[in-house]
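One file, protein-v2.cif, is given below (mmCIF, C-alpha atoms and all ligand atoms).
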```cif
data_query
#
loop_
_atom_site.label_atom_id
_atom_site.label_comp_id
_atom_site.auth_asym_id
_atom_site.auth_seq_id
_atom_site.Cartn_x
_atom_site.Cartn_y
_atom_site.Cartn_z
CA MET A 1 0.00 0.00 0.00
CA ARG A 2 1.29 3.45 -0.88
CA ARG A 3 1.47 5.74 2.13
CA ARG A 4 1.77 9.48 1.62
CA PRO A 5 5.18 10.48 3.00
CA LEU A 6 5.22 12.92 5.89
CA ILE A 7 8.17 15.28 6.26
CA ALA A 8 8.08 16.81 9.73
CA GLY A 9 10.36 19.53 11.05
CA ASN A 10 11.03 19.41 14.78
CA TRP A 11 12.41 22.85 15.56
CA LYS A 12 13.08 21.89 19.19
CA MET A 13 13.89 24.88 21.42
CA ASN A 14 14.81 27.12 18.49
CA GLY A 15 13.05 30.00 16.83
CA LEU A 16 12.25 33.48 18.07
CA VAL A 17 9.23 35.04 16.45
CA GLU A 18 11.31 36.69 13.72
CA THR A 19 13.36 33.62 12.82
CA ALA A 20 10.28 31.40 12.88
CA LEU A 21 8.60 33.69 10.37
CA GLU A 22 11.65 33.76 8.16
CA LEU A 23 11.91 29.98 8.24
CA VAL A 24 8.29 29.30 7.44
CA ASP A 25 8.37 31.86 4.63
CA GLY A 26 11.49 30.20 3.22
CA ILE A 27 9.87 26.78 3.29
CA GLY A 28 6.52 28.05 2.04
CA SER A 29 7.91 29.98 -0.89
CA GLY A 30 10.15 27.05 -1.83
CA LEU A 31 7.12 24.76 -1.86
CA SER A 32 5.14 27.22 -3.98
CA GLN A 33 7.92 27.19 -6.57
CA ARG A 34 7.73 23.40 -6.68
CA GLU A 35 3.96 23.51 -7.26
CA GLY A 36 2.49 20.08 -8.08
CA ARG A 37 5.69 18.15 -7.40
CA GLN A 38 5.42 18.53 -3.66
CA THR A 39 1.82 17.40 -3.34
CA SER A 40 2.99 13.81 -3.14
CA CYS A 41 4.21 14.46 0.39
CA GLU A 42 2.73 16.12 3.45
CA VAL A 43 4.85 18.84 5.06
CA LEU A 44 4.67 19.64 8.77
CA VAL A 45 6.50 22.10 11.02
CA CYS A 46 6.58 21.85 14.81
CA PRO A 47 7.79 25.17 16.24
CA PRO A 48 8.26 25.85 19.96
CA PHE A 49 5.04 26.84 21.78
CA THR A 50 5.91 30.54 21.70
CA ALA A 51 6.10 30.65 17.90
CA ILE A 52 3.12 28.44 17.04
CA GLN A 53 0.56 31.21 16.77
CA THR A 54 2.89 33.39 14.68
CA VAL A 55 3.47 30.53 12.27
CA ASN A 56 -0.23 29.69 12.27
CA LYS A 57 -1.16 33.22 11.22
CA GLN A 58 1.49 33.24 8.52
CA LEU A 59 0.28 29.91 7.11
CA SER A 60 -3.25 31.30 6.85
CA ALA A 61 -2.15 34.65 5.45
CA LYS A 62 0.08 33.14 2.77
CA GLY A 63 -1.84 29.95 2.09
CA TYR A 64 1.24 27.74 2.36
CA ASN A 65 0.59 24.04 2.10
CA ILE A 66 2.22 23.28 5.45
CA LYS A 67 0.66 21.69 8.53
CA LEU A 68 1.36 22.72 12.07
CA GLY A 69 2.24 20.66 15.12
CA ALA A 70 3.60 20.96 18.66
CA GLN A 71 6.52 19.17 20.30
CA ASN A 72 4.81 18.13 23.51
CA MET A 73 1.54 18.50 25.41
CA ALA A 74 0.08 18.05 28.87
CA ILE A 75 -1.88 14.94 29.76
CA GLU A 76 -4.62 16.98 31.44
CA GLU A 77 -7.45 19.17 30.24
CA PRO A 78 -7.46 22.95 30.99
CA GLY A 79 -7.04 23.73 34.66
CA ALA A 80 -4.55 24.19 37.47
CA ARG A 81 -1.33 22.90 35.88
CA THR A 82 1.16 25.76 36.10
CA GLY A 83 3.54 25.85 33.16
CA GLU A 84 1.75 23.27 31.05
CA VAL A 85 0.04 23.54 27.66
CA CYS A 86 -2.82 21.21 26.79
CA GLY A 87 -4.14 19.79 23.56
CA ILE A 88 -7.21 22.02 23.33
CA MET A 89 -4.90 25.05 23.41
CA LEU A 90 -2.78 23.56 20.65
CA ARG A 91 -5.84 22.92 18.49
CA ASN A 92 -6.90 26.50 19.14
CA VAL A 93 -3.70 27.80 17.48
CA GLY A 94 -3.91 25.58 14.44
CA CYS A 95 -2.04 22.42 15.44
CA HIS A 96 -3.00 19.12 13.82
CA TYR A 97 -0.13 17.03 15.14
CA VAL A 98 1.82 16.65 18.35
CA ILE A 99 5.20 14.96 18.81
CA LEU A 100 5.15 12.72 21.89
CA GLY A 101 7.89 10.89 23.77
CA HIS A 102 10.81 12.46 21.93
CA SER A 103 14.05 11.04 23.34
CA GLU A 104 14.99 14.47 24.71
CA ARG A 105 11.78 14.48 26.74
CA ARG A 106 12.46 10.94 27.92
CA GLN A 107 16.09 11.77 28.73
CA PHE A 108 15.85 15.23 30.27
CA TYR A 109 12.27 15.48 31.55
CA GLY A 110 11.66 12.00 32.90
CA GLU A 111 9.01 10.95 30.41
CA THR A 112 8.42 7.26 30.84
CA ASN A 113 6.65 4.85 28.52
CA GLU A 114 3.64 5.17 30.80
CA ILE A 115 3.53 8.95 30.47
CA VAL A 116 3.89 8.71 26.69
CA GLY A 117 0.96 6.29 26.66
CA LYS A 118 -1.20 8.71 28.63
CA LYS A 119 -0.19 11.62 26.41
CA THR A 120 -1.18 9.56 23.38
CA ALA A 121 -4.67 9.11 24.87
CA SER A 122 -4.85 12.85 25.58
CA ALA A 123 -3.81 13.75 22.04
CA TYR A 124 -6.63 11.65 20.59
CA ARG A 125 -9.08 13.02 23.15
CA ASP A 126 -8.18 16.57 22.09
CA GLY A 127 -8.30 15.87 18.37
CA LEU A 128 -4.56 15.88 17.69
CA VAL A 129 -2.67 13.26 15.72
CA PRO A 130 0.19 11.88 17.82
CA ILE A 131 3.66 11.32 16.41
CA VAL A 132 5.01 8.83 18.93
CA CYS A 133 8.81 8.65 19.07
CA VAL A 134 10.59 5.40 19.83
CA GLY A 135 14.24 4.42 19.63
CA GLU A 136 17.14 2.86 21.47
CA LEU A 137 20.20 4.32 23.15
CA LEU A 138 23.64 3.40 21.84
CA GLU A 139 24.29 1.06 24.77
CA GLU A 140 20.97 -0.65 24.19
CA ARG A 141 21.85 -1.25 20.54
CA GLU A 142 25.26 -2.54 21.48
CA ALA A 143 23.69 -4.90 23.99
CA GLY A 144 21.41 -6.27 21.26
CA ARG A 145 18.32 -4.81 22.92
CA THR A 146 17.06 -2.51 20.15
CA ILE A 147 13.97 -4.53 19.29
CA ALA A 148 13.07 -5.19 22.94
CA VAL A 149 13.30 -1.47 23.76
CA VAL A 150 11.23 -0.40 20.77
CA ARG A 151 8.66 -3.13 21.46
CA ALA A 152 8.20 -1.92 25.05
CA GLN A 153 7.84 1.69 23.87
CA LEU A 154 5.18 0.67 21.34
CA ASP A 155 3.33 -1.60 23.76
CA ALA A 156 2.96 1.26 26.24
CA VAL A 157 0.98 3.18 23.65
CA MET A 158 -1.28 0.41 22.33
CA PRO A 159 -3.88 0.39 25.14
CA HIS A 160 -4.36 4.14 24.67
CA LEU A 161 -5.35 4.09 21.01
CA PRO A 162 -8.97 4.83 20.12
CA GLU A 163 -11.30 2.08 18.94
CA GLU A 164 -12.16 3.72 15.61
CA SER A 165 -9.92 2.36 12.90
CA GLY A 166 -10.01 5.70 11.05
CA LYS A 167 -8.28 7.35 13.99
CA ARG A 168 -5.85 4.50 14.59
CA ASN A 169 -4.79 4.61 10.98
CA ASN A 170 -3.68 8.22 11.45
CA LEU A 171 -1.20 7.36 14.18
CA VAL A 172 2.38 8.23 13.25
CA ILE A 173 5.40 6.46 14.73
CA ALA A 174 8.86 8.00 14.49
CA TYR A 175 11.80 5.65 14.85
CA GLU A 176 14.68 7.75 16.13
CA PRO A 177 17.76 5.85 17.25
CA VAL A 178 19.01 8.09 20.04
CA TRP A 179 22.63 7.71 18.94
CA ALA A 180 21.72 9.24 15.58
CA ILE A 181 19.95 12.33 16.90
CA GLY A 182 21.93 15.51 16.39
CA THR A 183 25.15 13.52 16.08
CA GLY A 184 25.61 13.44 12.31
CA LYS A 185 25.59 9.62 12.58
CA VAL A 186 22.74 8.29 10.53
CA ALA A 187 21.35 4.76 10.72
CA SER A 188 22.35 2.74 7.67
CA PRO A 189 19.48 1.86 5.35
CA GLN A 190 19.69 -1.74 6.61
CA GLN A 191 19.55 -0.68 10.25
CA ALA A 192 16.60 1.64 9.60
CA GLN A 193 14.62 -0.84 7.50
CA GLU A 194 15.17 -3.63 10.00
CA VAL A 195 13.60 -1.66 12.85
CA HIS A 196 10.88 -0.13 10.68
CA ALA A 197 9.90 -3.59 9.44
CA PHE A 198 9.77 -4.83 13.04
CA ILE A 199 7.55 -1.88 14.00
CA ARG A 200 5.14 -2.54 11.14
CA GLY A 201 5.03 -6.24 11.94
CA HIS A 202 4.36 -5.52 15.59
CA LEU A 203 1.63 -3.02 14.73
CA SER A 204 0.11 -5.64 12.47
CA GLU A 205 0.07 -8.18 15.31
CA LYS A 206 -1.53 -5.71 17.71
CA LEU A 207 -3.81 -3.68 15.45
CA GLY A 208 -4.33 -5.82 12.39
CA ALA A 209 -2.68 -5.84 8.98
CA ASP A 210 -4.90 -3.20 7.43
CA THR A 211 -4.20 -0.57 10.09
CA ALA A 212 -0.49 -1.45 10.15
CA SER A 213 -0.28 -0.95 6.41
CA ARG A 214 -1.72 2.57 6.76
CA ILE A 215 0.26 3.88 9.76
CA ARG A 216 3.20 6.02 8.74
CA ILE A 217 6.55 5.24 10.28
CA LEU A 218 9.04 8.10 10.05
CA TYR A 219 12.79 7.86 10.42
CA GLY A 220 14.57 10.51 12.50
CA GLY A 221 18.22 11.06 13.33
CA SER A 222 20.59 13.20 11.28
CA MET A 223 18.42 13.12 8.19
CA LYS A 224 19.61 15.61 5.60
CA PRO A 225 19.23 16.25 1.87
CA SER A 226 22.13 13.93 1.01
CA ASN A 227 20.67 10.87 2.77
CA ALA A 228 16.92 11.52 2.75
CA LYS A 229 16.10 9.98 -0.61
CA GLU A 230 17.75 6.65 0.14
CA LEU A 231 16.10 6.40 3.57
CA ILE A 232 12.64 7.43 2.44
CA ALA A 233 12.81 4.99 -0.46
CA LEU A 234 13.02 2.07 2.01
CA GLU A 235 9.94 -0.08 2.06
CA ASP A 236 8.80 0.73 5.59
CA VAL A 237 10.08 4.31 5.87
CA ASP A 238 7.29 6.80 5.21
CA GLY A 239 9.05 10.09 5.73
CA GLY A 240 11.22 11.83 8.29
CA LEU A 241 11.25 13.66 11.58
CA ILE A 242 13.98 16.21 11.14
CA GLY A 243 15.75 18.31 13.74
CA GLY A 244 18.88 20.20 12.73
CA ALA A 245 18.18 20.21 9.00
CA ALA A 246 14.66 21.52 9.60
CA LEU A 247 16.08 24.85 10.76
CA LYS A 248 17.36 25.82 7.32
CA ALA A 249 14.72 26.22 4.63
CA GLN A 250 17.02 24.99 1.85
CA ASP A 251 17.96 21.83 3.73
CA PHE A 252 14.37 21.08 4.69
CA LEU A 253 13.27 21.63 1.09
CA GLY A 254 16.07 19.34 -0.06
CA ILE A 255 14.69 16.59 2.16
CA ILE A 256 11.17 17.22 0.83
CA ASP A 257 12.58 16.83 -2.68
CA GLY A 258 14.02 13.48 -1.60
CA ALA A 259 10.51 12.32 -0.67
CA ALA A 260 8.69 13.66 -3.72
P1 LIG B 301 18.29 15.61 14.12
O1 LIG B 301 17.09 15.46 15.18
O2 LIG B 301 17.68 15.61 12.76
O3 LIG B 301 18.95 16.91 14.48
O4 LIG B 301 19.18 14.43 14.34
C1 LIG B 301 16.00 14.63 14.91
C2 LIG B 301 15.04 14.68 16.05
O5 LIG B 301 15.48 14.77 17.22
O6 LIG B 301 13.82 14.64 15.86
#
```
Would you kindly transcribe this structure into structure tokens?
Amino acid sequence: MRRRPLIAGNWKMNGLVETALELVDGIGSGLSQREGRQTSCEVLVCPPFTAIQTVNKQLSAKGYNIKLGAQNMAIEEPGARTGEVCGIMLRNVGCHYVILGHSERRQFYGETNEIVGKKTASAYRDGLVPIVCVGELLEEREAGRTIAVVRAQLDAVMPHLPEESGKRNNLVIAYEPVWAIGTGKVASPQQAQEVHAFIRGHLSEKLGADTASRIRILYGGSMKPSNAKELIALEDVDGGLIGGAALKAQDFLGIIDGAA
């Protein structure tokens, strides 16, 4: 089954209002120049909370064909949770997607598999499409534990998926080997395909073959224009979650070209 590739920019903690505008204009105008060619893939940017509304307004004003997402969300609904931002607020400023369980959140902010599961439920409750990140540390890979780690990360999310197959089919998984994030070390095509194929097989076991064949599985970790095409061409790789190279319009566009 042909899945529409998703190219998602994770801006992380980067982007003041001015630079966010400049970046989205650079990406948007580049896409406009490409016209029909780009329609084969879906393009998403995930700015920091403080720039989401600015980007949202610019997307509406200019009519760019770019979707908007956030990098995290609270489990709870609106209320007394100082410092948190919930899904309803994200929807209110134009977000369709939310990245959940990124390795930096797991590593630096104590997000466990259990928390990521609960956030997945909250995302669906609030009408957002979750992009659930999974991936092993270098020592886990070296100890031969990659598949076990990824399986546990996936299994924590499964009980929190909605019953409706239409919604389940929208789920996005991002496989991001932690040792490849921001390091310039990219997984080889064989390493990436092996884990992506495991993920699809596991989803098929848990959710059925039809749903598994529709769920997009992104690769993330030092993706750039020079390696994007080869990675995205792999059978079970349906796009990318891009950090560093998403901060330069030309690089991000180069990756989009690799998926088109
Ligand atoms: P990177 O980050 O592209 O800079 O490696 C990817 C990510 O963390 O999502």
May I have the protein, DNA and RNA residues with any atom at most 10 Å from the point (6.5, 36.5, 7.8), counting only C-alpha atoms, written as an mmCIF file with C-alpha atoms, in the coordinates of the input?
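As written to disk, result.cif reads:
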```cif
data_model
loop_
_atom_site.group_PDB
_atom_site.id
_atom_site.type_symbol
_atom_site.label_atom_id
_atom_site.label_comp_id
_atom_site.auth_asym_id
_atom_site.auth_seq_id
_atom_site.Cartn_x
_atom_site.Cartn_y
_atom_site.Cartn_z
ATOM 1 C CA VAL A 17 9.230 35.040 16.450
ATOM 2 C CA GLU A 18 11.310 36.690 13.720
ATOM 3 C CA THR A 19 13.360 33.620 12.820
ATOM 4 C CA ALA A 20 10.280 31.400 12.880
ATOM 5 C CA LEU A 21 8.600 33.690 10.370
ATOM 6 C CA GLU A 22 11.650 33.760 8.160
ATOM 7 C CA LEU A 23 11.910 29.980 8.240
ATOM 8 C CA VAL A 24 8.290 29.300 7.440
ATOM 9 C CA ASP A 25 8.370 31.860 4.630
ATOM 10 C CA GLY A 26 11.490 30.200 3.220
ATOM 11 C CA THR A 54 2.890 33.390 14.680
ATOM 12 C CA VAL A 55 3.470 30.530 12.270
ATOM 13 C CA LYS A 57 -1.160 33.220 11.220
ATOM 14 C CA GLN A 58 1.490 33.240 8.520
ATOM 15 C CA LEU A 59 0.280 29.910 7.110
ATOM 16 C CA ALA A 61 -2.150 34.650 5.450
ATOM 17 C CA LYS A 62 0.080 33.140 2.770
#
```
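Between CA of Gly9 in chain A and CA of Thr82 in chain A there is a distance of 27.4 Å.
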Quick one, how far is CA of Pro189 in chain A from CA of Ile173 in chain A? 17.5 Å
Using all atoms listed in the file, I'd like a table of the residues in chain A that come within 6 Å of ligand LIG 301 (chain B); for each, show the closest atom pair and its distance in Å rounded to one decimal, ordered by chain and ascending number, as a Markdown table.
```
| residue | atom | partner | partner_atom | distance |
| --- | --- | --- | --- | --- |
| A:Asn10 | CA | B:LIG301 | O6 | 5.6 |
| A:Ala180 | CA | B:LIG301 | O4 | 5.9 |
| A:Ile181 | CA | B:LIG301 | O4 | 3.4 |
| A:Gly182 | CA | B:LIG301 | O4 | 3.6 |
| A:Gly220 | CA | B:LIG301 | C1 | 5.0 |
| A:Gly221 | CA | B:LIG301 | O4 | 3.6 |
| A:Ser222 | CA | B:LIG301 | O4 | 3.6 |
| A:Met223 | CA | B:LIG301 | O2 | 5.3 |
| A:Leu241 | CA | B:LIG301 | O6 | 5.1 |
| A:Ile242 | CA | B:LIG301 | O2 | 4.1 |
| A:Gly243 | CA | B:LIG301 | O2 | 3.5 |
| A:Gly244 | CA | B:LIG301 | O3 | 3.7 |
| A:Ala245 | CA | B:LIG301 | O2 | 6.0 |
```
Resulting file, chosen residues, C-alpha atoms, as a short mmCIF file (atom, residue, chain, number, x, y, z; two decimals), keeping the file's coordinate frame:
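out_37.cif, freshly written:
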```cif
data_model
loop_
_atom_site.label_atom_id
_atom_site.label_comp_id
_atom_site.auth_asym_id
_atom_site.auth_seq_id
_atom_site.Cartn_x
_atom_site.Cartn_y
_atom_site.Cartn_z
CA ASN A 10 11.03 19.41 14.78
CA ALA A 180 21.72 9.24 15.58
CA ILE A 181 19.95 12.33 16.90
CA GLY A 182 21.93 15.51 16.39
CA GLY A 220 14.57 10.51 12.50
CA GLY A 221 18.22 11.06 13.33
CA SER A 222 20.59 13.20 11.28
CA MET A 223 18.42 13.12 8.19
CA LEU A 241 11.25 13.66 11.58
CA ILE A 242 13.98 16.21 11.14
CA GLY A 243 15.75 18.31 13.74
CA GLY A 244 18.88 20.20 12.73
CA ALA A 245 18.18 20.21 9.00
#
```
What lies within 12 Å of range 110-117 of chain A using all atoms listed in the file, ignoring chain neighbours under 2 positions off, as a PDB file with C-alpha atoms, keeping the file's coordinate frame?
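Once everything was written out, this is around07.pdb:
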```pdb
ATOM      1  CA  ASN A  72       4.810  18.130  23.510  1.00  0.00           C
ATOM      2  CA  MET A  73       1.540  18.500  25.410  1.00  0.00           C
ATOM      3  CA  ALA A  74       0.080  18.050  28.870  1.00  0.00           C
ATOM      4  CA  ILE A  75      -1.880  14.940  29.760  1.00  0.00           C
ATOM      5  CA  GLU A  76      -4.620  16.980  31.440  1.00  0.00           C
ATOM      6  CA  VAL A  98       1.820  16.650  18.350  1.00  0.00           C
ATOM      7  CA  ILE A  99       5.200  14.960  18.810  1.00  0.00           C
ATOM      8  CA  LEU A 100       5.150  12.720  21.890  1.00  0.00           C
ATOM      9  CA  GLY A 101       7.890  10.890  23.770  1.00  0.00           C
ATOM     10  CA  HIS A 102      10.810  12.460  21.930  1.00  0.00           C
ATOM     11  CA  SER A 103      14.050  11.040  23.340  1.00  0.00           C
ATOM     12  CA  GLU A 104      14.990  14.470  24.710  1.00  0.00           C
ATOM     13  CA  ARG A 105      11.780  14.480  26.740  1.00  0.00           C
ATOM     14  CA  ARG A 106      12.460  10.940  27.920  1.00  0.00           C
ATOM     15  CA  GLN A 107      16.090  11.770  28.730  1.00  0.00           C
ATOM     16  CA  PHE A 108      15.850  15.230  30.270  1.00  0.00           C
ATOM     17  CA  LYS A 119      -0.190  11.620  26.410  1.00  0.00           C
ATOM     18  CA  THR A 120      -1.180   9.560  23.380  1.00  0.00           C
ATOM     19  CA  ALA A 121      -4.670   9.110  24.870  1.00  0.00           C
ATOM     20  CA  SER A 122      -4.850  12.850  25.580  1.00  0.00           C
ATOM     21  CA  ALA A 123      -3.810  13.750  22.040  1.00  0.00           C
ATOM     22  CA  TYR A 124      -6.630  11.650  20.590  1.00  0.00           C
ATOM     23  CA  PRO A 130       0.190  11.880  17.820  1.00  0.00           C
ATOM     24  CA  ILE A 131       3.660  11.320  16.410  1.00  0.00           C
ATOM     25  CA  VAL A 132       5.010   8.830  18.930  1.00  0.00           C
ATOM     26  CA  CYS A 133       8.810   8.650  19.070  1.00  0.00           C
ATOM     27  CA  VAL A 134      10.590   5.400  19.830  1.00  0.00           C
ATOM     28  CA  GLY A 135      14.240   4.420  19.630  1.00  0.00           C
ATOM     29  CA  VAL A 149      13.300  -1.470  23.760  1.00  0.00           C
ATOM     30  CA  VAL A 150      11.230  -0.400  20.770  1.00  0.00           C
ATOM     31  CA  ARG A 151       8.660  -3.130  21.460  1.00  0.00           C
ATOM     32  CA  ALA A 152       8.200  -1.920  25.050  1.00  0.00           C
ATOM     33  CA  GLN A 153       7.840   1.690  23.870  1.00  0.00           C
ATOM     34  CA  LEU A 154       5.180   0.670  21.340  1.00  0.00           C
ATOM     35  CA  ASP A 155       3.330  -1.600  23.760  1.00  0.00           C
ATOM     36  CA  ALA A 156       2.960   1.260  26.240  1.00  0.00           C
ATOM     37  CA  VAL A 157       0.980   3.180  23.650  1.00  0.00           C
ATOM     38  CA  MET A 158      -1.280   0.410  22.330  1.00  0.00           C
ATOM     39  CA  PRO A 159      -3.880   0.390  25.140  1.00  0.00           C
ATOM     40  CA  HIS A 160      -4.360   4.140  24.670  1.00  0.00           C
ATOM     41  CA  LEU A 161      -5.350   4.090  21.010  1.00  0.00           C
ATOM     42  CA  PRO A 162      -8.970   4.830  20.120  1.00  0.00           C
TER      43      PRO A 162
END
```
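Among the candidates A:Thr211, A:Ser32, A:Asn56, A:Gln193, the residue lying nearest to Ala233 in chain A is A:Gln193 (atoms considered: only C-alpha atoms).
Distances to Ile27 in chain A were evaluated for A:Val172, A:Met13, A:Ala143, A:Val45 using all atoms listed in the file, and the minimum falls at A:Val45.
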Long-range neighbours of range 249-260 of chain A as a ChimeraX atom specification, 7 Å cut-off, all atoms listed in the file, 4 positions minimum in chain: /A:5,7,23,26-27,30,37-38,40-41,224-225,228-229,232,239,245
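If only C-alpha atoms are the atoms counted, then among A:Glu35, A:Asp126, A:Asp210, A:Asp236 the closest residue to Gln191 in chain A is A:Asp236.
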